[in-house]
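As structure tokens, the structure follows; a few thoughts come after it.
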Number of protein chains: 2
Amino acid sequence: MLCAPFYIAAMFEARLQSFDDPSDRVASAARVAALRAELKRRGLSGFIVPRADRHQNENVAAADERLAWLTGFTGSAGLAVVLTERVILFVDGRYTLQARNQIDPAIVSIEHLVDTPPPAWLESNLPTAAQLGYDPWLHTAEGADKLRKACAEAGGSLLAVDPNPIDAVWSDRPAPPLGPVVLHDVRFAGETAEAKLDRIRAEVARLRADALVISDPTAIAWTFNIRGADVAHTPVPLAFAIVPKEGRAALYIDGRKLSNDVRDRLKSLADVRAEADFTRDLAALGAAKRHVRMDQATGADAIAGIVNGAGGNVARGPDPVAAMKAVKNQAEIEGARAAHRRDGVALTRFLAWLEREAAHRAPTEIDAVAALENFRRESGELKDISFTTIAGAGSNGAIVHYRVTRASNRTIAKDSLFLLDSGGQYPDGTTDVTRTVSLGEPTAEMRDRFTRVLKGHIAIARAVFPEGTTGAQLDPLARQSLWQAGLDFDHGTGHGVGSYLSVHEGPARLSKLGTVALRRGMILSNEPGYYKTGAYGIRTESLVLVVEATGIAGAEKPLNTFETLTLAPIDRRLVEPAMLSVDETAWLDAYHARVRDTLSPLLDPQTKAWLEAATRPLNQR
Amino acid sequence: MLCAPFYIAAMFEARLQSFDDPSDRVASAARVAALRAELKRRGLSGFIVPRADRHQNENVAAADERLAWLTGFTGSAGLAVVLTERVILFVDGRYTLQARNQIDPAIVSIEHLVDTPPPAWLESNLPTAAQLGYDPWLHTAEGADKLRKACAEAGGSLLAVDPNPIDAVWSDRPAPPLGPVVLHDVRFAGETAEAKLDRIRAEVARLRADALVISDPTAIAWTFNIRGADVAHTPVPLAFAIVPKEGRAALYIDGRKLSNDVRDRLKSLADVRAEADFTRDLAALGAAKRHVRMDQATGADAIAGIVNGAGGNVARGPDPVAAMKAVKNQAEIEGARAAHRRDGVALTRFLAWLEREAAHRAPTEIDAVAALENFRRESGELKDISFTTIAGAGSNGAIVHYRVTRASNRTIAKDSLFLLDSGGQYPDGTTDVTRTVSLGEPTAEMRDRFTRVLKGHIAIARAVFPEGTTGAQLDPLARQSLWQAGLDFDHGTGHGVGSYLSVHEGPARLSKLGTVALRRGMILSNEPGYYKTGAYGIRTESLVLVVEATGIAGAEKPLNTFETLTLAPIDRRLVEPAMLSVDETAWLDAYHARVRDTLSPLLDPQTKAWLEAATRPLNQR
């Protein structure tokens with residue numbers, strides 16, 4: 001079957017990821033002019049355009065890509081301030097270069113989102129008496145408060161504007177998405193929607209609120225055991241919900257997304273209402289002087305405005321559903337294990353394929369993305385990739401949020417490293433895995449850096465910690481070995497991961513800011529890295545499940561540890577064995593043995609042989 | 001010199017620490033009755049009595065021991081709520097037992113300060129319409145806000161009462177202290193008071209304030225390069241200061257503490273004013289509509305009340321002087337090193353003495369405290385001990401804040417451990433050191449626990465970390481080895497230490513709550529521990545100085561590490577060598593070699609020989 005690799009490569013194409021580099025730069029001048037005319041008509045001297053939808057989703061629908069439409073900038077985070085004389089686009093460090101390439105510099109100028117946050121910029125630059133508009137559905141209440149204060153300091157004012165003036169001038173604006181809603185089988189969910197709603201109602205009462213507003217579509221999908229298809233890579237429907245302390249919940253959703261069966265099921269759980277009813281019901285809660293709880297991270301300023309404006313009382317705080325959803329039940333845990341076996345097969349087949357390919361040609365980043373997507377699809381269970389695959393060869397690997405386009409595409413050279421960060425959405429679980437591989441002879445420095453990152457990864461994987469320990473307390477364990485060499489990575493060590501939901505999920509995380517206790521059943525990523533700008537990037541990421549640490553004689557308190565869910569070999573050629581302690585080597589060998597034992601029965605003979613070699617003990621040549 | 005030990009032991013007595021167990025329990029009923037009569041006269045239904053003075057000092061003068069006078073409870077933290085029918089004393093876990101022994105249960109009942117904080121208790125228990133008084137000088141503004149809110153929730157109200165009603169009925173109340181103020185030589189301070197005041201003025205301007213109120217006597221002592229003698233173990237004068245953005249500072253202090261020379265020096269720096277002028281000047285700042293900055297942790301509610309009441313504007317925030325004071329200059333660092341050599345000689349002489357003593361009798365905890373104080377005093381430089389020595393034998397060692405009294409005094413048995421936590425105040429530096437020793441054959445469990453604590457201590461001592469790293473990020477390194485065995489310690493890993501000032505100093509600390517970055521020049525303690533209730537306590541504490549980590553090839557960012565200042569052997573007999581890594585053993589051996597090389601030339605032959613054996617390499621029998 002010598003020809004097989006060529007045959008497979010030829011049939012690969014990626015369906016879930018595009019390699020285009022869209023930019024509407026040329027249209028920007030006319031669109032800004034049209035918006036300015038609309039603002040003038042409404043008596044405004046400016047308008048704020050965030051890259052956001054009404055739910056503060058990470059991925060937004062095409063209809064919500066207002067920032068990209070206006071400025072050409074397509075990054076996943078940013079905000080523009082449109083004034084009569086200029087447009088300022090705020091982006092963070094990872095997007096500075098991209099923004100510069102995408103915008104029309106005659107129209108738009110760029111500021112650093114972190115160094116000069118929009119409120120600070122407005123405080124110094126907003127013209128006196130300016131009337132700056134904002135869409136209250138696209139900002140959180142807290143975010144709007146900061147902008148309002150800044151405008152006032154500058155002697156201007158911030159005005160809520162609804163409907164959004166961009167929508168009035170965006171003539172070919174895509175329709176809002178109508179992704180069909182499906183029921184999420186209780187076999188995967190592990191708990192009925194009725195039981196979840198009961199738990200939420202109890203939480204609402206405990207919080208001394210009359211009702212909870214849910215803005216986060218992942219929270220809605222979890223609560224009602226449904227999945228949707230309105231945004232890329234996260235299987236959620238755009239919707240809102242209100243859960244009262246007592247009585248029936250209400251779900252606000254476009255009815256065209258619902259089949260009769262789904263509608264019947266949802267009606268057995270809640271009042272299914274039109275989206276237009278949402279503001280009416282919020283106003284009614286306000287008029288009845290109700291105490292309404294709203295998530296501070298995803299709840300729109302408009303919601304608080306409607307409830308408070310009608311005489312109610314909004315309390316902002318952490319979303320109680322987020323905390324429930326983060327703790328996976330036994331069915332979700334079993335699902336995650338199954339999804340990781342399946343995903344491990346796909347990634348292992350890919351890694352074996354990559355090495356075979358590299359033996360006679362240099363595959364490109366796009367080849368890799370397409371091949372990996374196909375291996376995942378061949379599982380027969382792939383619903384989507386869980387995020388845009390990051391496939392960075394050489395210096396592209398050093399760009400933390402790199403996304404390959406036809407213009408940036410590089411071949412995977414033997415003298416450098418290839419970083420591959422990807423994941424799949426399966427009905428039983430969401431995966432997220434990064435492996436960094438060398439197809440040739442890595443330098444001593446690469447091996448040193450890779451091994452330090454691996455020591456951090458192992459320190460997290462092996463950690464034993466008392467119940468109540470936070471992610472902030474574990475984060476430094478992942479950095480110690482890098483610190484000792486004067487190195488570090490500028491991102492968190494890990495984030496929460498949903499169950500066939502968002503690949504980035506709160507409230508717990510492994511980072512300096514992770515002040516939430518890690519609880520048994522939470523799934524997080526363990527992903528220390530090292531990035532050398534212009535040279536290469538390294539990251540080793542597996543998902544881990546918080547489990548009880550048992551069998552420790554004399555333990556005085558409940559203990560937890562992690563079970564590593566991800567199953568894929570870690571490149572032995574990049575490990576410097578002398579830098580690992582006996583315990584670290586034992587961990588790596590045991591992990592590799594588990595990967596081999598679990599995946600081998602599921603693999604074709606060629607990949608199986610490759611995996612055998614890739615997972616042999618570290619000190620066995 | 002066979003008799004020497006007896007001779008020395010006989011002449012030991014502690015002058016700086018008392019072993020009495022004072023309790024005014026019998027007087028409590030009459031005193032509470034007198035207070036209630038006074039409250040009634042003033043139209044109050046209750047009064048709050050915190051263990052606090054006007055500066056939120058950790059150690060308070062006898063005149064400020066209102067809580068002890070009223071209830072008999074002498075612990076360093078607590079608060080009583082006196083109502084018409086009952087008195088509730090709130091103490092934390094370390095003082096529950098002591099409080100129970102000291103109070104009259106017919107008069108006072110005890111609540112847990114942490115589980116049931118006073119505001120929560122008041123919210124549920126304050127009688128409706130109750131008028132609860134508090135002394136606004138003894139509460140921070142933030143603390144008073146919480147109490148006020150709780151009283152309002154309960155349908156009562158909180159009223160500021162000045163002067164304190166206890167003082168009206170405390171007939172034999174001691175006079176406020178008049179400890180003489182001395183100048184702190186710039187040879188030790190390393191910076192003139194003029195230069196410090198210039199830096200503070202610049203900070204006041206940067207904070208956009210017109211003036212800074214300094215309530216913390218350690219900040220005043222640092223600013224003006226003075227030391228005082230008004231409270232135990234911390235060489236500070238009770239005083240307030242106001243530093244304006246421009247112009248002369250004002251120091252409010254009882255003139256009787258000042259010699260002519262000291263007064264002349266202080267008058268060259270600031271207006272020296274009577275304490276009574278303080279409130280007048282605060283009111284004047286308020287009347288002039290000034291922005292006044294006040295430390296949120298030590299500033300009394302009364303100060304905010306006077307300034308705001310007169311029309312000014314108080315901003316509460318971290319004390320900028322605390323941040324300056326925490327970073328030691330070269331003279332202070334050299335002083336700290338000298339103080340630690342001197343203190344290391346005293347502690348080493350003590351440890352050698354203890355072992356000789358134990359060979360023919362069982363010394364007691366009190367013997368140990370007295371002997372150690374004398375060895376320190378024999379340095380000729382001891383000004384005070386830096387806190388009440390904790391000398392706990394066997395199960396007494398398991399009481400985290402144990403203070404030996406004649407009643408609790410135990411002999412130091414060979415079959416258990418002896419924990420000794422102590423420190424000295426010297427003109428060039430403050431020390432704080434804990435060593436745990438075994439005078440016989442420790443059990444395997446004791447060695448295991450001791451070695452785990454030591455591994456944590458070494459992890460901190462050897463840590464290399466980027467500039468900007470916080471104490472919270474390092475704290476878990478001290479716990480890892482204990483966590484792995486299901487153990488932990490319920491205290492922080494380290495606190496800041498002053499330069500001939502308070503042994504507990506902000507703003508940085510090694511703890512979950514240590515969110516301040518560690519800066520070069522800061523001195524902190526490194527003190528992991530393990531406490532087994534009813535059995536024994538273990539702690540290994542040295543002070544460490546944050547220094548630049550140099551000589552790391554390829555380092556990409558400024559790096560810091562610690563220099564261990566404390567010089568005293570760590571008991572080798574308690575170390576299980578097999579549990580230490582090669583690097584950990586190398587650290588211990590190198591530390592012991594440094595202790596030996598530094599101290600040996602300063603020791604008598606007998607102690608020198610003992611130290612030689614105590615510091616030999618771990619694997620050398």
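Residue numbering restarts at 1 for every chain of the structure tokens, chains are lettered A, B, ... in their displayed order, and ligands are numbered from 1 as they appear.
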Identify every residue of chain A that has at least one atom within 9 Å of any atom of chain B, counting only C-alpha atoms, and report the result as number ranges by chain. A: 463-466, 472-477, 479-480, 482-488, 512, 549, 552-559, 581
Can you tell me which residues surround Ile366 (chain A) at a distance of at most 8 Å, considering only C-alpha atoms, apart from same-chain residues fewer than 2 positions away, and format the answer as an MDAnalysis selection string? chainID A and resid 19 364 368:370 391 404:406 409
Restricting it to C-alpha atoms, dump the selection as a tab-separated table (two decimals), in the first residue's frame.
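again01.tsv written:
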```
chain	number	residue	atom	x	y	z
A	19	PHE	CA	-8.19	29.29	4.56
A	364	THR	CA	2.03	22.30	4.30
A	368	ALA	CA	-2.16	19.18	7.89
A	369	VAL	CA	-5.38	20.97	8.85
A	370	ALA	CA	-7.31	19.24	6.06
A	391	ALA	CA	-1.28	24.59	12.67
A	404	VAL	CA	-3.32	29.54	8.48
A	405	THR	CA	-4.50	31.25	5.30
A	406	ARG	CA	-3.44	30.58	1.71
A	409	ASN	CA	0.70	28.79	4.48
```
Taking the backbone alone, and naming residues the way the document does, which bits of region 156-384 of chain B are strand (DSSP E) by DSSP, as a ChimeraX atom specification? /B:157-160,182-183,211-214,226-227,240-244,249-252,270-273,291-295,313-317,384
How would the residues just chosen look if you wrote them out with C-alpha atoms as an mmCIF file, in the first residue's frame?
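The result, written out as selection-v9.cif:
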```
data_model
loop_
_atom_site.group_PDB
_atom_site.id
_atom_site.type_symbol
_atom_site.label_atom_id
_atom_site.label_comp_id
_atom_site.auth_asym_id
_atom_site.auth_seq_id
_atom_site.Cartn_x
_atom_site.Cartn_y
_atom_site.Cartn_z
ATOM 1 C CA SER B 157 -28.481 51.814 64.104
ATOM 2 C CA LEU B 158 -24.767 52.238 64.704
ATOM 3 C CA LEU B 159 -23.640 55.414 66.429
ATOM 4 C CA ALA B 160 -20.133 56.833 66.667
ATOM 5 C CA VAL B 182 15.111 58.109 69.561
ATOM 6 C CA LEU B 183 16.585 58.976 66.190
ATOM 7 C CA ALA B 211 -2.497 65.280 51.509
ATOM 8 C CA LEU B 212 -1.773 61.852 52.957
ATOM 9 C CA VAL B 213 -2.771 60.860 56.484
ATOM 10 C CA ILE B 214 -0.398 58.325 58.052
ATOM 11 C CA ILE B 226 12.750 57.593 64.480
ATOM 12 C CA ARG B 227 12.027 54.700 66.788
ATOM 13 C CA PHE B 240 -0.123 60.435 63.468
ATOM 14 C CA ALA B 241 1.214 62.416 60.542
ATOM 15 C CA ILE B 242 -0.129 64.411 57.621
ATOM 16 C CA VAL B 243 2.056 64.833 54.554
ATOM 17 C CA PRO B 244 0.738 67.412 52.081
ATOM 18 C CA ALA B 249 4.518 67.659 56.904
ATOM 19 C CA ALA B 250 2.960 67.656 60.374
ATOM 20 C CA LEU B 251 3.734 65.095 63.078
ATOM 21 C CA TYR B 252 1.190 64.692 65.903
ATOM 22 C CA ALA B 270 7.989 68.849 60.008
ATOM 23 C CA ASP B 271 5.640 70.807 62.213
ATOM 24 C CA VAL B 272 5.630 68.965 65.531
ATOM 25 C CA ARG B 273 2.134 69.307 66.927
ATOM 26 C CA HIS B 291 -8.672 65.458 48.706
ATOM 27 C CA VAL B 292 -7.186 63.428 51.541
ATOM 28 C CA ARG B 293 -5.691 59.998 51.019
ATOM 29 C CA MET B 294 -5.922 57.546 53.906
ATOM 30 C CA ASP B 295 -4.681 53.990 54.359
ATOM 31 C CA ASN B 313 -13.022 64.217 50.269
ATOM 32 C CA VAL B 314 -11.325 61.127 51.709
ATOM 33 C CA ALA B 315 -9.971 58.454 49.346
ATOM 34 C CA ARG B 316 -9.115 55.117 50.961
ATOM 35 C CA GLY B 317 -6.423 52.967 49.415
ATOM 36 C CA ASP B 384 13.701 43.748 72.389
#
```
Option closest in space to Lys328 (chain A), from A:Lys455, A:His491, A:Arg280, A:Arg519 [counting only C-alpha atoms]: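 Smallest distance to Lys328 (chain A) is found for A:Arg519.
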Using only C-alpha atoms, which residues sit within 8 Å of region 102-118 of chain B once same-chain residues fewer than 3 positions away are excluded, as a list in words?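 Listing them by chain and then by number gives Ser23, Asp24, Arg25, Val26, Ser28, Ala29, Thr71, Gly72, Phe73, Thr74, Gly78, Arg86, Val87, Ile88, Leu89, Phe90, Val91, Asp92, Gly93, Thr96, Gln98, Ala99, Trp121, Leu122 and Leu147 of chain B.
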For region 516-518 of chain B, find every residue with an atom within 8 Å (counting only C-alpha atoms), except residues of its own chain fewer than 2 positions away, and show them as a ChimeraX atom specification. /B:467-471,507-509,514,520,522,546
Expected answer as JSON, numbers by chain: alpha helix (DSSP H) residues in region 402-604 of chain B: {"B": [444, 445, 446, 447, 448, 449, 450, 451, 452, 453, 454, 455, 456, 457, 458, 459, 460, 461, 462, 471, 472, 473, 474, 480, 481, 482, 483, 582, 583, 584, 585, 586, 587, 588, 589, 590, 591, 592, 593, 594, 595, 596, 597, 598, 599]}
As a check of understanding: the span from CA of Glu38 (chain B) to CA of Trp170 (chain B) is 10.9 Å
Nearest to Arg376 (chain A): which of A:Ala14, A:Arg621, A:Ala326, A:Thr140 is it, counting only C-alpha atoms?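 Of A:Ala14, A:Arg621, A:Ala326, A:Thr140, the one nearest Arg376 (chain A) is A:Ala14, counting only C-alpha atoms.
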For Asp343 (chain A): contacts at 9 Å, only C-alpha atoms, fewer than 3 positions along chain excluded, given as a list in words: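 The residues that qualify are Ala338, Ala339, His340, Ala346, Leu347, Thr348, Phe375, Arg376, Ser379, Gly423, Gly424, Thr431, Thr566, Leu567 and Ala568 of chain A.
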Writing out the chosen residues with C-alpha atoms as a compact mmCIF listing (two decimals), in the first residue's frame:
```txt
# COMPACT_ATOMS: atom_id res chain seq x y z
CA ALA A 338 -15.19 7.96 24.78
CA ALA A 339 -14.76 11.18 22.79
CA HIS A 340 -11.10 11.27 23.74
CA ALA A 346 -7.80 10.49 14.72
CA LEU A 347 -4.82 12.46 16.03
CA THR A 348 -2.61 9.38 16.19
CA PHE A 375 -9.23 11.74 10.15
CA ARG A 376 -11.62 13.19 12.73
CA SER A 379 -14.73 8.60 13.14
CA GLY A 423 -10.21 19.77 18.80
CA GLY A 424 -13.43 18.07 17.85
CA THR A 431 -11.85 17.78 22.80
CA THR A 566 -6.42 13.17 26.07
CA LEU A 567 -4.80 10.17 24.43
CA ALA A 568 -2.02 10.97 21.95
```
B:Arg341, B:Arg377, B:Lys267, B:Lys383: which is nearest Arg594 (chain B), counting only C-alpha atoms? B:Arg341
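Relative to CA of Gly75 (chain B), CA of Asp162 (chain B) is found at 24.9 Å.
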What does the structure give for the distance between CA of Leu285 (chain B) and CA of Ile303 (chain B), in Å to one decimal?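 So the answer is 11.1 Å.
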Go through B:Gly247, B:Gly344, B:Gly305, B:Gly496 and flag the residue nearest Leu602 (chain B), using only C-alpha atoms for the distances. B:Gly344
Under the rule that only C-alpha atoms are counted, which of B:Leu282, B:Glu334, B:Arg100, B:Glu65 is the nearest residue to Ala175 (chain B)?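 Of B:Leu282, B:Glu334, B:Arg100, B:Glu65, the one nearest Ala175 (chain B) is B:Glu65, counting only C-alpha atoms.
Compared by their closest atoms to Leu178 (chain A), and using only C-alpha atoms, the residues A:Cys151, A:Ala62, A:Ala219, A:Leu439 rank with A:Ala62 nearest.
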Could you list, as JSON, numbers by chain, every residue within 7 Å of Thr533 (chain B), counting only C-alpha atoms and ignoring same-chain residues fewer than 3 positions away? {"B": [395, 398, 536]}
Non-local contacts of Ala232 (chain B) (8 Å; only C-alpha atoms; under 2 positions in same chain excluded) as a VMD selection string: chain B and resid 59 to 61 229 to 230 234 to 235 387
Could the residues in this selection be saved with all heavy atoms as a PDB file, in the first residue's frame?
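Below is the file again.pdb, written as the result:
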```pdb
ATOM      1  N   ASN B  59       0.357  44.978  68.357  1.00  0.00           N
ATOM      2  CA  ASN B  59       0.532  45.030  69.814  1.00  0.00           C
ATOM      3  C   ASN B  59      -0.002  46.377  70.292  1.00  0.00           C
ATOM      4  O   ASN B  59       0.333  47.414  69.707  1.00  0.00           O
ATOM      5  CB  ASN B  59       2.022  44.935  70.171  1.00  0.00           C
ATOM      6  CG  ASN B  59       2.619  43.615  69.711  1.00  0.00           C
ATOM      7  OD1 ASN B  59       2.113  42.547  70.015  1.00  0.00           O
ATOM      8  ND2 ASN B  59       3.694  43.705  68.937  1.00  0.00           N
ATOM      9  N   VAL B  60      -0.817  46.357  71.331  1.00  0.00           N
ATOM     10  CA  VAL B  60      -1.376  47.622  71.804  1.00  0.00           C
ATOM     11  C   VAL B  60      -0.867  47.928  73.208  1.00  0.00           C
ATOM     12  O   VAL B  60      -0.432  47.034  73.947  1.00  0.00           O
ATOM     13  CB  VAL B  60      -2.934  47.614  71.788  1.00  0.00           C
ATOM     14  CG1 VAL B  60      -3.463  47.267  70.396  1.00  0.00           C
ATOM     15  CG2 VAL B  60      -3.493  46.664  72.828  1.00  0.00           C
ATOM     16  N   ALA B  61      -0.902  49.215  73.571  1.00  0.00           N
ATOM     17  CA  ALA B  61      -0.463  49.646  74.898  1.00  0.00           C
ATOM     18  C   ALA B  61      -1.477  49.184  75.945  1.00  0.00           C
ATOM     19  O   ALA B  61      -2.633  48.897  75.626  1.00  0.00           O
ATOM     20  CB  ALA B  61      -0.329  51.167  74.917  1.00  0.00           C
ATOM     21  N   ALA B 229       8.965  53.511  71.862  1.00  0.00           N
ATOM     22  CA  ALA B 229       8.861  52.428  72.834  1.00  0.00           C
ATOM     23  C   ALA B 229       7.482  52.418  73.477  1.00  0.00           C
ATOM     24  O   ALA B 229       7.344  52.261  74.675  1.00  0.00           O
ATOM     25  CB  ALA B 229       9.953  52.574  73.893  1.00  0.00           C
ATOM     26  N   ASP B 230       6.450  52.585  72.658  1.00  0.00           N
ATOM     27  CA  ASP B 230       5.096  52.690  73.206  1.00  0.00           C
ATOM     28  C   ASP B 230       4.344  51.371  73.265  1.00  0.00           C
ATOM     29  O   ASP B 230       3.364  51.243  74.002  1.00  0.00           O
ATOM     30  CB  ASP B 230       4.280  53.702  72.388  1.00  0.00           C
ATOM     31  CG  ASP B 230       4.654  55.144  72.725  1.00  0.00           C
ATOM     32  OD1 ASP B 230       5.336  55.342  73.762  1.00  0.00           O
ATOM     33  OD2 ASP B 230       4.294  56.054  71.963  1.00  0.00           O
ATOM     34  N   THR B 234       7.592  46.098  69.145  1.00  0.00           N
ATOM     35  CA  THR B 234       7.704  46.860  67.901  1.00  0.00           C
ATOM     36  C   THR B 234       8.137  48.277  68.279  1.00  0.00           C
ATOM     37  O   THR B 234       7.397  48.975  68.982  1.00  0.00           O
ATOM     38  CB  THR B 234       6.362  46.899  67.148  1.00  0.00           C
ATOM     39  OG1 THR B 234       5.899  45.558  66.958  1.00  0.00           O
ATOM     40  CG2 THR B 234       6.514  47.555  65.781  1.00  0.00           C
ATOM     41  N   PRO B 235       9.316  48.697  67.844  1.00  0.00           N
ATOM     42  CA  PRO B 235       9.903  49.946  68.368  1.00  0.00           C
ATOM     43  C   PRO B 235       9.333  51.197  67.720  1.00  0.00           C
ATOM     44  O   PRO B 235      10.018  51.876  66.960  1.00  0.00           O
ATOM     45  CB  PRO B 235      11.387  49.769  68.044  1.00  0.00           C
ATOM     46  CG  PRO B 235      11.396  48.920  66.801  1.00  0.00           C
ATOM     47  CD  PRO B 235      10.210  48.008  66.907  1.00  0.00           C
ATOM     48  N   PHE B 387       8.797  39.430  69.006  1.00  0.00           N
ATOM     49  CA  PHE B 387       7.436  38.982  69.340  1.00  0.00           C
ATOM     50  C   PHE B 387       7.571  37.980  70.471  1.00  0.00           C
ATOM     51  O   PHE B 387       8.676  37.524  70.780  1.00  0.00           O
ATOM     52  CB  PHE B 387       6.722  38.352  68.122  1.00  0.00           C
ATOM     53  CG  PHE B 387       7.455  37.178  67.532  1.00  0.00           C
ATOM     54  CD1 PHE B 387       7.128  35.874  67.887  1.00  0.00           C
ATOM     55  CD2 PHE B 387       8.510  37.373  66.648  1.00  0.00           C
ATOM     56  CE1 PHE B 387       7.826  34.805  67.355  1.00  0.00           C
ATOM     57  CE2 PHE B 387       9.201  36.306  66.112  1.00  0.00           C
ATOM     58  CZ  PHE B 387       8.868  35.018  66.465  1.00  0.00           C
TER      59      PHE B 387
END
```
